[in-house]
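Participant: One structure, as structure tokens, below. Some questions next.
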Amino acid sequence: MTLFEKLVKKKNLYSAWKFLQKNPSSHGIDGVTIKDFQVDLDRNILSIRRALMGKTFSFKPLMGRLVGKDRGKLRPLKIP
């Protein structure tokens with residue numbers, strides 16, 4: 001079994017979900033919160049699985065922020 005075949009197994013996608021839901025206040029760049037995603041969890045996970053298997057899945061663009069450093073300098077940060 002290839003790594004990709006392991007990745008798209010339903011049980012592995014649900015395991016990833018359990019890890020993500022530990023931070024319920026987080027959300028993606030699309031604004032969908034953990035709570036919103038969970039409302040229709042099975043459909044959402046299966047949708048991601050279909051996109052992965054069909055090789056049509058793509059990540060959303062990264063969100064850019066400037067973060068303060070010592071001495072008042074700023075550094076760019078990209079947030080997935």
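We label chains A, B, ... in the order they appear in the structure tokens, count residues from 1 in each chain, and number ligands from 1 in the order shown.
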Can you list every residue in segment 9-66 of chain A that DSSP puts in strand (DSSP E), as a list in words?
Facilitator: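 Those residues are Met63, Gly64, Arg65 and Leu66 of chain A.
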Participant: Run DSSP on the backbone and give me the residues of chain A it puts in alpha helix (DSSP H), as a ChimeraX atom specification.
Facilitator: /A:3-7,10-20,34-39,41-53
Participant: Report, in Å to a single decimal, how far apart atom CA of Gly28 of chain A and atom CA of Ile79 of chain A are.
Facilitator: 9.0 Å
Participant: Could you list, as an NGL selection string, every residue within 12 Å of Gln38 of chain A, counting only C-alpha atoms and ignoring same-chain residues fewer than 3 positions away?
Facilitator: :A and (14 or 17-18 or 20-21 or 24 or 27 or 32-35 or 41-45)
Participant: For a quick check of understanding, using only C-alpha atoms, which of A:Leu13, A:Ser25, A:Asp30, A:Glu5 has the smallest distance to Lys60 of chain A?
Facilitator: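 The shortest atom-to-atom distance to Lys60 of chain A comes from A:Asp30.
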Participant: Select, from A:Leu52, A:Met63, A:Leu46, A:Val39, the residue with the minimum atom-to-atom distance to Leu7 of chain A, counting only C-alpha atoms.
Facilitator: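 Of the candidates, the smallest distance to Leu7 of chain A is held by A:Leu52.
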Participant: State, in Å with one decimal place, the distance from atom CA of Leu77 of chain A to atom CA of Ser26 of chain A.
Facilitator: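 These two atoms are separated by 16.6 Å.
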Participant: Which residue is closest to Phe4 of chain A? Choose from A:Lys55, A:Phe19, A:Leu66, A:Asp40 and count only C-alpha atoms.
Facilitator: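 Distance minimum relative to Phe4 of chain A lands on A:Lys55.
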Participant: For the atom pair atom CA of Thr56 of chain A and atom CA of Gly31 of chain A, what is the interatomic distance in Å to one decimal place?
Facilitator: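 Separation of atom CA of Thr56 of chain A and atom CA of Gly31 of chain A: 20.8 Å.
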Participant: With only C-alpha atoms as the atoms that count, which of A:Arg75, A:Arg50, A:Phe37, A:Lys22 lies nearest to Lys9 of chain A?
Facilitator: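 When distances to Lys9 of chain A are compared using only C-alpha atoms, the smallest one comes from A:Arg50.
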Participant: Set the distance at 10 Å and use only C-alpha atoms: which residues neighbour Pro76 of chain A once local chain neighbours fewer than 2 positions away are removed? I'd like the list as a list in words.
Facilitator: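 Listed by chain and then number, they are Gly64, Arg65, Leu66, Val67, Gly68, Leu74, Lys78 and Ile79 of chain A.
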